[in-house]
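Heads up, final_0.cif below (mmCIF, C-alpha atoms):
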data_my_file
loop_
_atom_site.label_atom_id
_atom_site.label_comp_id
_atom_site.auth_asym_id
_atom_site.auth_seq_id
_atom_site.Cartn_x
_atom_site.Cartn_y
_atom_site.Cartn_z
CA MET A 1 29.48 -35.50 77.84
CA SER A 2 31.99 -37.16 75.50
CA GLY A 3 33.92 -34.92 73.17
CA ARG A 4 33.48 -37.43 70.34
CA ASN A 5 30.72 -36.66 67.81
CA ASN A 6 27.49 -38.42 68.65
CA LEU A 7 25.88 -39.59 65.36
CA ASN A 8 22.47 -40.10 67.02
CA ILE A 9 22.08 -36.41 67.77
CA VAL A 10 19.90 -34.63 65.17
CA HIS A 11 20.29 -30.92 64.68
CA GLU A 12 17.19 -28.96 65.72
CA ALA A 13 16.93 -27.29 62.31
CA GLU A 14 16.92 -30.68 60.60
CA ALA A 15 14.26 -32.03 62.95
CA GLN A 16 11.95 -29.10 62.25
CA ARG A 17 12.47 -28.92 58.50
CA GLN A 18 9.23 -29.77 56.67
CA TYR A 19 10.39 -30.11 53.05
CA ALA A 20 13.38 -31.67 51.35
CA ARG A 21 15.66 -29.11 49.70
CA VAL A 22 17.21 -29.81 46.33
CA ARG A 23 19.51 -27.88 44.04
CA ILE A 24 18.08 -27.07 40.64
CA PRO A 25 19.58 -24.63 38.14
CA ALA A 26 17.32 -21.63 38.69
CA LYS A 27 17.38 -17.87 39.09
CA LEU A 28 15.25 -15.44 41.03
CA ALA A 29 14.10 -12.29 39.22
CA VAL A 30 12.62 -9.63 41.51
CA LYS A 31 12.19 -5.86 41.61
CA ILE A 32 13.53 -4.09 44.68
CA ASN A 33 12.99 -0.34 44.98
CA GLY A 34 12.18 -0.15 41.27
CA HIS A 35 15.33 -1.97 40.19
CA SER A 36 15.39 -5.43 38.62
CA VAL A 37 17.53 -7.88 40.52
CA ILE A 38 18.50 -11.38 39.37
CA CYS A 39 20.03 -13.81 41.88
CA PRO A 40 21.01 -17.46 41.41
CA VAL A 41 18.96 -19.83 43.60
CA HIS A 42 21.07 -21.85 45.99
CA ASP A 43 18.44 -24.52 46.81
CA ILE A 44 14.68 -24.90 46.66
CA SER A 45 11.93 -26.91 48.32
CA ALA A 46 8.15 -27.12 48.20
CA GLY A 47 7.92 -24.50 50.94
CA GLY A 48 10.64 -22.02 49.99
CA PHE A 49 14.10 -21.37 48.56
CA SER A 50 17.34 -19.62 49.40
CA VAL A 51 19.91 -17.43 47.65
CA ASN A 52 23.49 -16.65 48.60
CA GLU A 53 24.11 -13.56 46.49
CA LYS A 54 22.96 -9.96 46.94
CA VAL A 55 21.73 -10.84 50.38
CA GLU A 56 22.08 -7.27 51.57
CA LEU A 57 19.28 -6.10 49.23
CA PHE A 58 16.59 -8.02 51.15
CA LYS A 59 15.09 -6.82 54.44
CA PRO A 60 13.82 -9.06 57.23
CA ALA A 61 10.04 -9.68 57.44
CA GLN A 62 9.53 -8.10 54.01
CA HIS A 63 7.28 -9.57 51.30
CA TYR A 64 8.32 -9.70 47.66
CA GLU A 65 6.96 -10.77 44.30
CA GLY A 66 9.08 -12.16 41.47
CA THR A 67 9.66 -15.13 39.19
CA LEU A 68 11.69 -18.28 39.52
CA GLN A 69 13.37 -18.99 36.19
CA PHE A 70 14.33 -22.60 35.42
CA LYS A 71 16.45 -23.87 32.55
CA VAL A 72 17.48 -27.51 32.36
CA ASP A 73 18.77 -29.24 29.20
CA GLY A 74 17.20 -26.65 26.90
CA PHE A 75 13.93 -26.67 28.81
CA ALA A 76 13.14 -23.25 30.30
CA PHE A 77 10.11 -21.71 31.97
CA SER A 78 9.24 -19.10 34.58
CA LEU A 79 7.20 -19.54 37.73
CA PRO A 80 5.62 -16.40 39.31
CA VAL A 81 5.94 -16.51 43.08
CA LYS A 82 5.26 -14.49 46.21
CA PHE A 83 7.71 -14.90 49.06
CA ALA A 84 8.83 -13.41 52.32
CA VAL A 85 12.16 -13.33 54.14
CA LYS A 86 12.22 -16.24 56.56
CA ASN A 87 15.76 -16.22 57.93
CA ILE A 88 19.15 -14.63 57.28
CA ASP A 89 22.46 -16.40 57.89
CA PRO A 90 25.21 -13.73 57.76
CA GLU A 91 28.01 -16.25 58.33
CA ALA A 92 27.01 -18.33 55.33
CA ASN A 93 25.93 -15.24 53.37
CA ARG A 94 22.61 -16.92 52.69
CA ILE A 95 18.99 -15.77 53.02
CA GLY A 96 15.95 -18.07 53.12
CA PHE A 97 12.55 -17.25 51.73
CA GLU A 98 9.16 -18.79 52.42
CA LEU A 99 6.74 -19.20 49.47
CA SER A 100 3.15 -18.03 49.91
CA ASP A 101 -0.11 -17.93 47.97
CA LEU A 102 0.92 -20.54 45.41
CA GLY A 103 -1.87 -21.60 43.07
CA PRO A 104 -2.62 -25.20 42.07
CA ARG A 105 -0.70 -24.88 38.76
CA GLU A 106 2.36 -23.40 40.47
CA ILE A 107 2.31 -26.10 43.16
CA ALA A 108 1.98 -28.83 40.52
CA SER A 109 4.86 -27.41 38.47
CA LEU A 110 7.14 -27.08 41.48
CA ARG A 111 6.22 -30.56 42.70
CA TYR A 112 7.06 -32.02 39.28
CA LEU A 113 10.50 -30.39 39.28
CA LEU A 114 11.33 -31.49 42.82
CA THR A 115 10.05 -35.05 42.38
CA SER A 116 11.91 -35.51 39.08
CA THR A 117 15.12 -34.24 40.64
CA LEU A 118 14.83 -36.47 43.72
CA ASN A 119 14.06 -39.51 41.52
CA GLY A 120 16.92 -38.77 39.16
CA GLU A 121 14.63 -38.25 36.18
CA LEU A 122 15.07 -35.81 33.32
CA PHE A 123 12.73 -32.88 32.80
CA SER A 124 10.67 -32.77 29.62
CA ALA A 125 8.30 -30.21 28.18
CA GLY A 126 5.69 -32.91 27.48
CA ASP A 127 5.62 -34.08 31.11
CA MET A 128 5.36 -30.51 32.33
CA LEU A 129 2.44 -29.73 29.97
CA ASN A 130 0.73 -32.96 30.98
CA THR A 131 1.12 -32.03 34.66
CA LEU A 132 -0.38 -28.60 34.09
CA ALA A 133 -3.26 -29.96 31.98
CA ARG A 134 -4.58 -32.53 34.43
CA GLU A 135 -6.62 -31.93 37.58
CA ASN A 136 -4.05 -32.24 40.35
CA PHE A 137 -6.25 -31.15 43.27
CA THR A 138 -9.72 -32.23 44.30
CA LYS A 139 -12.20 -29.46 44.77
CA SER A 140 -13.10 -28.69 48.34
CA ARG A 141 -16.62 -29.40 49.48
CA ASN A 142 -18.95 -26.47 49.57
CA ASN A 143 -20.06 -26.57 53.17
CA LYS A 144 -20.91 -22.87 53.23
CA ALA A 145 -24.42 -23.32 51.88
CA GLN A 146 -25.08 -26.12 54.32
CA ALA A 147 -23.72 -24.09 57.22
CA GLN A 148 -26.00 -21.19 56.34
CA GLN A 149 -29.17 -23.31 56.18
CA SER A 150 -31.86 -22.35 58.60
CA PHE A 151 -33.48 -24.78 61.00
CA GLY A 152 -36.55 -25.05 58.78
CA GLN A 153 -34.43 -25.79 55.71
CA ARG A 154 -32.59 -28.53 57.55
CA ILE A 155 -35.89 -30.06 58.69
CA LYS A 156 -37.18 -29.89 55.10
CA ALA A 157 -34.04 -31.56 53.80
CA MET A 158 -34.31 -34.29 56.42
CA ALA A 159 -37.98 -34.81 55.54
CA PHE A 160 -37.18 -35.21 51.85
CA SER A 161 -34.38 -37.62 52.68
CA GLY A 162 -36.76 -39.61 54.87
CA LEU A 163 -39.38 -39.72 52.11
CA PHE A 164 -36.83 -40.94 49.57
CA PHE A 165 -35.64 -43.57 52.03
CA ILE A 166 -39.19 -44.78 52.70
CA ALA A 167 -39.96 -44.80 48.97
CA GLY A 168 -36.82 -46.81 48.28
CA LEU A 169 -37.62 -49.21 51.11
CA GLY A 170 -41.18 -49.63 49.79
CA ALA A 171 -39.90 -50.28 46.27
CA PHE A 172 -37.44 -52.84 47.60
CA ALA A 173 -40.21 -54.57 49.58
CA TYR A 174 -42.53 -54.56 46.54
CA VAL A 175 -39.88 -56.06 44.27
CA GLY A 176 -38.98 -58.64 46.91
CA HIS A 177 -42.63 -59.59 47.36
CA ALA A 178 -43.13 -59.83 43.59
CA ILE A 179 -40.06 -62.06 43.22
CA TYR A 180 -41.21 -64.30 46.08
CA THR A 181 -44.77 -64.48 44.73
CA ASN A 182 -43.72 -65.38 41.20
CA LEU A 183 -40.78 -67.67 41.92
CA PHE A 184 -41.74 -69.39 45.15
CA MET A 185 -45.57 -69.42 44.98
CA PHE A 186 -48.07 -70.88 42.51
CA HIS A 187 -51.71 -69.89 42.30
CA ALA A 188 -55.06 -71.49 41.57
CA THR A 189 -56.55 -70.47 38.22
CA SER A 190 -59.92 -70.00 39.98
CA ALA A 191 -61.45 -70.64 43.38
CA LYS A 192 -64.70 -70.02 45.25
CA ILE A 193 -66.51 -70.68 48.51
CA ALA A 194 -68.54 -73.90 48.29
CA LEU A 195 -71.00 -75.76 50.52
CA ASP A 196 -72.49 -79.24 50.25
CA SER A 197 -76.16 -78.46 49.59
CA PHE A 198 -79.41 -79.44 47.83
CA ALA A 199 -80.42 -77.51 44.72
CA ILE A 200 -84.10 -76.50 44.53
CA ALA A 201 -85.42 -75.68 41.04
CA THR A 202 -88.76 -74.55 39.59
CA PRO A 203 -91.11 -77.47 38.76
CA ARG A 204 -92.53 -75.44 35.85
CA GLU A 205 -92.41 -71.93 34.44
CA GLY A 206 -94.07 -69.13 36.36
CA GLU A 207 -93.68 -66.05 38.55
CA VAL A 208 -91.78 -66.92 41.75
CA VAL A 209 -91.85 -65.10 45.10
CA SER A 210 -89.56 -66.18 47.98
CA LEU A 211 -91.01 -66.93 51.43
CA VAL A 212 -87.67 -67.39 53.22
CA GLU A 213 -84.36 -65.52 53.64
CA VAL A 214 -80.77 -66.63 53.12
CA GLY A 215 -79.41 -68.12 56.36
CA GLN A 216 -82.86 -69.06 57.65
CA SER A 217 -83.44 -72.54 59.04
CA VAL A 218 -86.35 -74.42 57.48
CA THR A 219 -88.06 -77.71 58.30
CA LYS A 220 -89.02 -80.52 55.96
CA GLY A 221 -92.21 -79.60 54.08
CA GLN A 222 -92.00 -75.87 54.89
CA PRO A 223 -92.89 -73.68 51.89
CA LEU A 224 -89.85 -71.93 50.43
CA ALA A 225 -91.55 -69.94 47.66
CA THR A 226 -94.78 -69.51 45.79
CA ILE A 227 -95.10 -69.94 42.03
CA LYS A 228 -97.93 -68.48 39.99
CA ALA A 229 -98.72 -69.30 36.37
CA PRO A 230 -101.69 -68.65 34.01
CA MET A 231 -104.16 -71.56 33.85
CA ALA A 232 -103.89 -71.44 30.05
CA ASP A 233 -100.34 -72.76 30.34
CA PHE A 234 -101.78 -76.02 31.69
CA LEU A 235 -104.06 -76.59 28.68
CA SER A 236 -102.81 -78.91 26.00
CA GLY A 237 -103.49 -78.25 22.36
CA ASN A 238 -106.33 -80.82 22.15
CA MET A 239 -108.05 -79.43 25.24
CA ALA A 240 -107.96 -75.85 23.93
CA ALA A 241 -109.41 -77.00 20.58
CA ASN A 242 -112.49 -78.50 22.26
CA LEU A 243 -113.27 -75.33 24.21
CA SER A 244 -115.12 -72.27 22.99
CA PRO A 245 -113.12 -69.08 22.42
CA GLU A 246 -114.99 -67.37 25.22
CA LEU A 247 -114.01 -70.10 27.70
CA VAL A 248 -110.41 -70.09 26.56
CA ALA A 249 -110.30 -66.30 27.09
CA GLU A 250 -111.78 -66.67 30.55
CA ILE A 251 -109.26 -69.38 31.45
CA GLY A 252 -106.42 -67.11 30.26
CA LYS A 253 -107.39 -64.52 32.86
CA THR A 254 -107.15 -67.06 35.66
CA ASN A 255 -103.86 -67.86 37.46
CA ILE A 256 -102.96 -71.03 39.32
CA SER A 257 -100.72 -70.62 42.41
CA GLY A 258 -98.67 -73.25 44.18
CA SER A 259 -95.78 -73.54 46.60
CA ILE A 260 -92.32 -75.11 46.57
CA SER A 261 -91.48 -76.94 49.81
CA SER A 262 -88.24 -77.87 51.55
CA PRO A 263 -87.23 -81.55 51.25
CA CYS A 264 -85.28 -81.53 54.54
CA ASP A 265 -84.52 -79.83 57.82
CA CYS A 266 -81.93 -77.49 56.34
CA VAL A 267 -80.56 -73.96 56.18
CA VAL A 268 -81.10 -71.73 53.16
CA SER A 269 -77.55 -71.12 51.99
CA SER A 270 -78.27 -69.11 48.83
CA GLN A 271 -81.05 -67.71 46.64
CA SER A 272 -80.54 -67.16 42.90
CA PHE A 273 -83.60 -65.18 41.76
CA VAL A 274 -85.43 -61.92 42.41
CA ASP A 275 -88.98 -61.86 43.81
CA GLY A 276 -91.59 -61.56 41.07
CA GLN A 277 -89.25 -62.86 38.38
CA TYR A 278 -90.81 -65.10 35.71
CA LEU A 279 -88.64 -68.20 35.42
CA ALA A 280 -88.50 -71.13 33.08
CA LYS A 281 -88.89 -74.71 34.17
CA THR A 282 -85.91 -76.26 36.08
CA THR A 283 -84.41 -72.86 36.88
CA SER A 284 -82.33 -72.96 40.09
CA LEU A 285 -84.00 -71.19 43.03
CA PHE A 286 -82.31 -72.12 46.32
CA ASN A 287 -79.41 -74.09 47.75
CA LEU A 288 -80.21 -75.83 51.02
CA ALA A 289 -77.45 -77.06 53.32
CA MET A 290 -77.52 -79.30 56.34
CA PRO A 291 -77.20 -77.32 59.62
CA GLU A 292 -73.86 -78.92 60.49
CA ALA A 293 -72.39 -78.44 57.01
CA LYS A 294 -69.23 -76.31 56.83
CA LYS A 295 -68.11 -74.10 54.01
CA TYR A 296 -64.95 -74.95 52.13
CA ALA A 297 -62.97 -73.59 49.21
CA MET A 298 -63.03 -75.31 45.84
CA ALA A 299 -59.92 -74.40 43.83
CA TRP A 300 -58.64 -75.42 40.41
CA PHE A 301 -54.88 -75.65 39.80
CA GLU A 302 -52.89 -76.30 36.64
CA PHE A 303 -52.09 -79.98 36.20
CA ARG A 304 -48.34 -79.25 36.15
CA ASP A 305 -48.59 -77.88 39.72
CA ALA A 306 -50.16 -81.10 41.02
CA ILE A 307 -46.69 -82.41 41.95
CA ASN A 308 -46.50 -79.72 44.67
CA LEU A 309 -49.98 -80.48 46.08
CA GLN A 310 -50.44 -82.96 48.91
CA VAL A 311 -53.38 -83.71 51.17
CA ASN A 312 -53.07 -81.88 54.53
CA ASP A 313 -50.76 -79.24 53.03
CA ASP A 314 -51.45 -75.64 54.06
CA VAL A 315 -52.50 -73.09 51.43
CA LYS A 316 -53.00 -69.35 51.55
CA VAL A 317 -56.61 -68.17 51.09
CA GLN A 318 -57.45 -64.53 50.40
CA LEU A 319 -60.35 -62.43 49.17
CA PRO A 320 -59.62 -60.51 45.94
CA GLY A 321 -58.45 -57.00 46.80
CA ALA A 322 -58.06 -57.74 50.52
CA SER A 323 -54.73 -57.54 52.35
CA GLU A 324 -55.67 -60.05 55.06
CA SER A 325 -55.39 -63.77 54.40
CA PHE A 326 -55.93 -66.98 56.33
CA VAL A 327 -54.70 -70.53 56.13
CA GLY A 328 -56.61 -73.45 54.67
CA LYS A 329 -55.75 -77.15 54.57
CA ILE A 330 -56.03 -79.38 51.50
CA ALA A 331 -58.71 -82.05 52.10
CA SER A 332 -58.81 -83.79 48.70
CA ILE A 333 -57.27 -83.65 45.23
CA LYS A 334 -58.97 -85.08 42.15
CA LEU A 335 -59.47 -84.56 38.46
CA PRO A 336 -62.65 -82.69 37.55
CA VAL A 337 -65.53 -84.87 36.41
CA GLY A 338 -66.53 -84.65 32.74
CA GLY A 339 -64.77 -83.77 29.52
CA ASN A 340 -63.59 -86.07 26.74
CA GLY A 341 -60.26 -84.42 25.96
CA PRO A 342 -57.05 -84.27 28.05
CA LEU A 343 -57.60 -82.64 31.43
CA SER A 344 -55.30 -79.71 32.25
CA GLN A 345 -56.48 -78.91 35.79
CA VAL A 346 -56.92 -80.62 39.13
CA GLU A 347 -59.77 -79.91 41.53
CA VAL A 348 -58.70 -79.25 45.13
CA ARG A 349 -60.99 -79.05 48.13
CA VAL A 350 -59.63 -76.82 50.91
CA ASP A 351 -61.01 -76.93 54.43
CA LEU A 352 -61.28 -73.44 55.92
CA VAL A 353 -60.67 -72.10 59.40
CA GLU A 354 -63.31 -70.19 61.35
CA ALA A 355 -62.66 -66.99 59.39
CA GLY A 356 -63.67 -68.71 56.14
CA GLN A 357 -67.05 -69.72 57.56
CA GLN A 358 -68.14 -66.07 57.57
CA LEU A 359 -67.88 -65.82 53.77
CA SER A 360 -70.82 -66.21 51.41
CA GLU A 361 -71.31 -69.24 49.21
CA SER A 362 -69.87 -68.92 45.68
CA GLN A 363 -67.78 -65.92 46.75
CA PRO A 364 -64.56 -65.80 44.64
CA LEU A 365 -61.23 -66.45 46.33
CA LEU A 366 -57.50 -66.32 45.67
CA VAL A 367 -55.75 -69.55 46.67
CA SER A 368 -51.96 -70.00 46.49
CA LYS A 369 -49.31 -72.34 47.84
CA ALA A 370 -45.56 -72.26 48.38
CA ARG A 371 -43.78 -74.13 45.62
CA PHE A 372 -41.08 -75.94 47.58
CA PHE A 373 -42.48 -76.39 51.10
#

Just give me the structure as structure tokens.
Amino acid sequence: MSGRNNLNIVHEAEAQRQYARVRIPAKLAVKINGHSVICPVHDISAGGFSVNEKVELFKPAQHYEGTLQFKVDGFAFSLPVKFAVKNIDPEANRIGFELSDLGPREIASLRYLLTSTLNGELFSAGDMLNTLARENFTKSRNNKAQAQQSFGQRIKAMAFSGLFFIAGLGAFAYVGHAIYTNLFMFHATSAKIALDSFAIATPREGEVVSLVEVGQSVTKGQPLATIKAPMADFLSGNMAANLSPELVAEIGKTNISGSISSPCDCVVSSQSFVDGQYLAKTTSLFNLAMPEAKKYAMAWFEFRDAINLQVNDDVKVQLPGASESFVGKIASIKLPVGGNGPLSQVEVRVDLVEAGQQLSESQPLLVSKARFF
């Protein structure tokens, strides 16, 4: 090997050193065997310090307690420390100590002194007080309680976390659905199941009893209901005046019965009275539909939404309170008949799929449509 110094070779002690050592005017005050000893500090780092006086007073592997006293430009303070003998260099008359059990305030103070010295900054009492006042270390996580949890406690915690997650997911879905429904959908103000049918009404007042059931097929001329009324109701004022009181009383006890017949080969789609009910003249009794007639939805939308309605467009049809829905197709759009003032609604006929044919006539519906498609 060449006798010339090799600058690339690093001394082992330098390679293993963990902290930078700096020289700061400081003294070590310590009690040894009951006697107070004060030694000037040769150098100091974040992990320890060394002295080069009174080396013989310290014993290897011994632990000591004392104070490091600093005084720089009129700024003086003491730092209580615990330290142990790390190494002794008899040739250099120097002994190194390793610091132990430093608290957060002591570490912060020492770090401030070392950093200021390495950066060439001046010490100040204000900076030191500010360093000691602030939170320089984050608190460690308390994993002890978690580590001591039993299996049942962990399962309970996981269950609560799962419930909160599901609740949050449900809330997110609800808000998303509400936003979509209000911003991207518009709804009919009212809607119902309808069927092209014939309306059968009472020819005169009387007590009506049905002879058929809803959904029953009837033929032309088949009796649908009977109607019974007192014979006195058929007497005009002039006729009653020409009769004796006894005869009028006898006529009042007599009832005249008749029947109401079907005008076509139809199906009874609805009945709007109760058997035995006394009804006035022209009161609606039945709706009769042709056998091949299909039910549809009649919906009324606001006039301002008419721009988004087109024939053959799909709409969403749903029963109030039901979660299931089915698709209908717009068959016609027109303004409602009647009314002298400005019309604010449009009448929309919606053809229904097979599921809609199972619903009852005049049953209320919810009809809505996407606003932009």

Can you list, as a list in words, the residues that the PyMOL selection byres ((chain A and resi 303) around 9) selects here?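 Checked against the file, the PyMOL selection byres ((chain A and resi 303) around 9) matches Phe301, Glu302, Arg304, Asp305, Ala306, Ile307, Leu335, Leu343, Ser344, Gln345 and Val346 of chain A.
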
Hey, could you make a per-residue contact list for stretch 189-237 of chain A against stretch 349-365 of chain A with 7 Å as the cut-off, showing the nearest pair of atoms and its distance in Å to one decimal, counting all atoms listed in the file, sorted by chain and number, as CSV?
residue,atom,partner,partner_atom,distance
A:Ala191,CA,A:Leu365,CA,5.1
A:Lys192,CA,A:Pro364,CA,4.3
A:Ile193,CA,A:Ser362,CA,4.7
A:Ala194,CA,A:Glu361,CA,5.5
A:Leu195,CA,A:Glu361,CA,6.7

Tell me which protein, DNA and RNA residues are within 7 Å of stretch 313-324 of chain A, counting all atoms listed in the file, leaving out same-chain ones fewer than 4 positions away, and put them as a ChimeraX atom specification. /A:328-330,365-369

With all atoms listed in the file as the atoms that count, which of A:Gly176, A:Gly66, A:Pro60, A:Pro104 lies nearest to A:Lys31? A:Gly66

Return the single residue from A:Ile256, A:Val311, A:Leu118, A:Ile88 that is closest to A:Arg23, with distances computed using all atoms listed in the file.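 Once distances to A:Arg23 are computed over all atoms listed in the file, the minimum belongs to A:Leu118.
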
Step by step: start from the point (-90.9, -67.1, 37.6) in the file's coordinates, keep every protein, DNA or RNA residue that has an atom no farther than 9 Å from it, count all atoms listed in the file, and write the set as an NGL selection string. :A and (202 or 204-209 or 227-229 or 273-281 or 283)

What gap, in Å, lies between atom CA of A:Ser269 and atom CA of A:Pro223?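 Here the two named atoms are 15.6 Å from each other.
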
Residues selected by the PyMOL selection byres ((chain A and resi 64) around 8), written as a ChimeraX atom specification: /A:30,62-63,65-66,82-84

I want to know what sits within 9 Å of A:Ile107, based on all atoms listed in the file, with residues of the same chain fewer than 5 positions away left out; could you give that as a ChimeraX atom specification? /A:46,102,112

Rounded to one decimal, what separation in Å do you get between atom CA of A:Lys334 and atom CA of A:Leu288? 24.8 Å

Using all atoms listed in the file, pick whichever of A:Asp196, A:Pro40, A:Tyr174, A:Gln222 has the shortest atom-to-atom distance to A:Glu292.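 The shortest atom-to-atom distance to A:Glu292 comes from A:Asp196.
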
To verify the selection step, state as a list in words which residues the PyMOL selection byres ((chain A and resi 263) around 12) yields on this input. Ser197, Phe198, Ala199, Ile200, Ala201, Val218, Thr219, Lys220, Gly221, Gln222, Pro223, Leu224, Ile260, Ser261, Ser262, Cys264, Asp265, Cys266, Val267, Val268, Phe286, Asn287, Leu288, Ala289 and Met290 of chain A

Work out how far atom CA of A:Ala297 is from atom CA of A:Val348, in Å to one decimal. 8.2 Å

For A:Gly96, the closest of A:Asn33, A:Lys295, A:Ser325, A:Phe49 counting all atoms listed in the file is A:Phe49

So that I can check the surroundings of A:Ser109, please list as a ChimeraX atom specification every protein, DNA and RNA residue that reaches within 7 Å of it, counting only C-alpha atoms and ignoring chain neighbours fewer than 3 positions away. /A:105-106,112-113,128,132

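With distances restricted to only C-alpha atoms, A:Pro291 is the closest residue to A:Gly215 from A:Thr189, A:Asp127, A:Pro291, A:Lys59.
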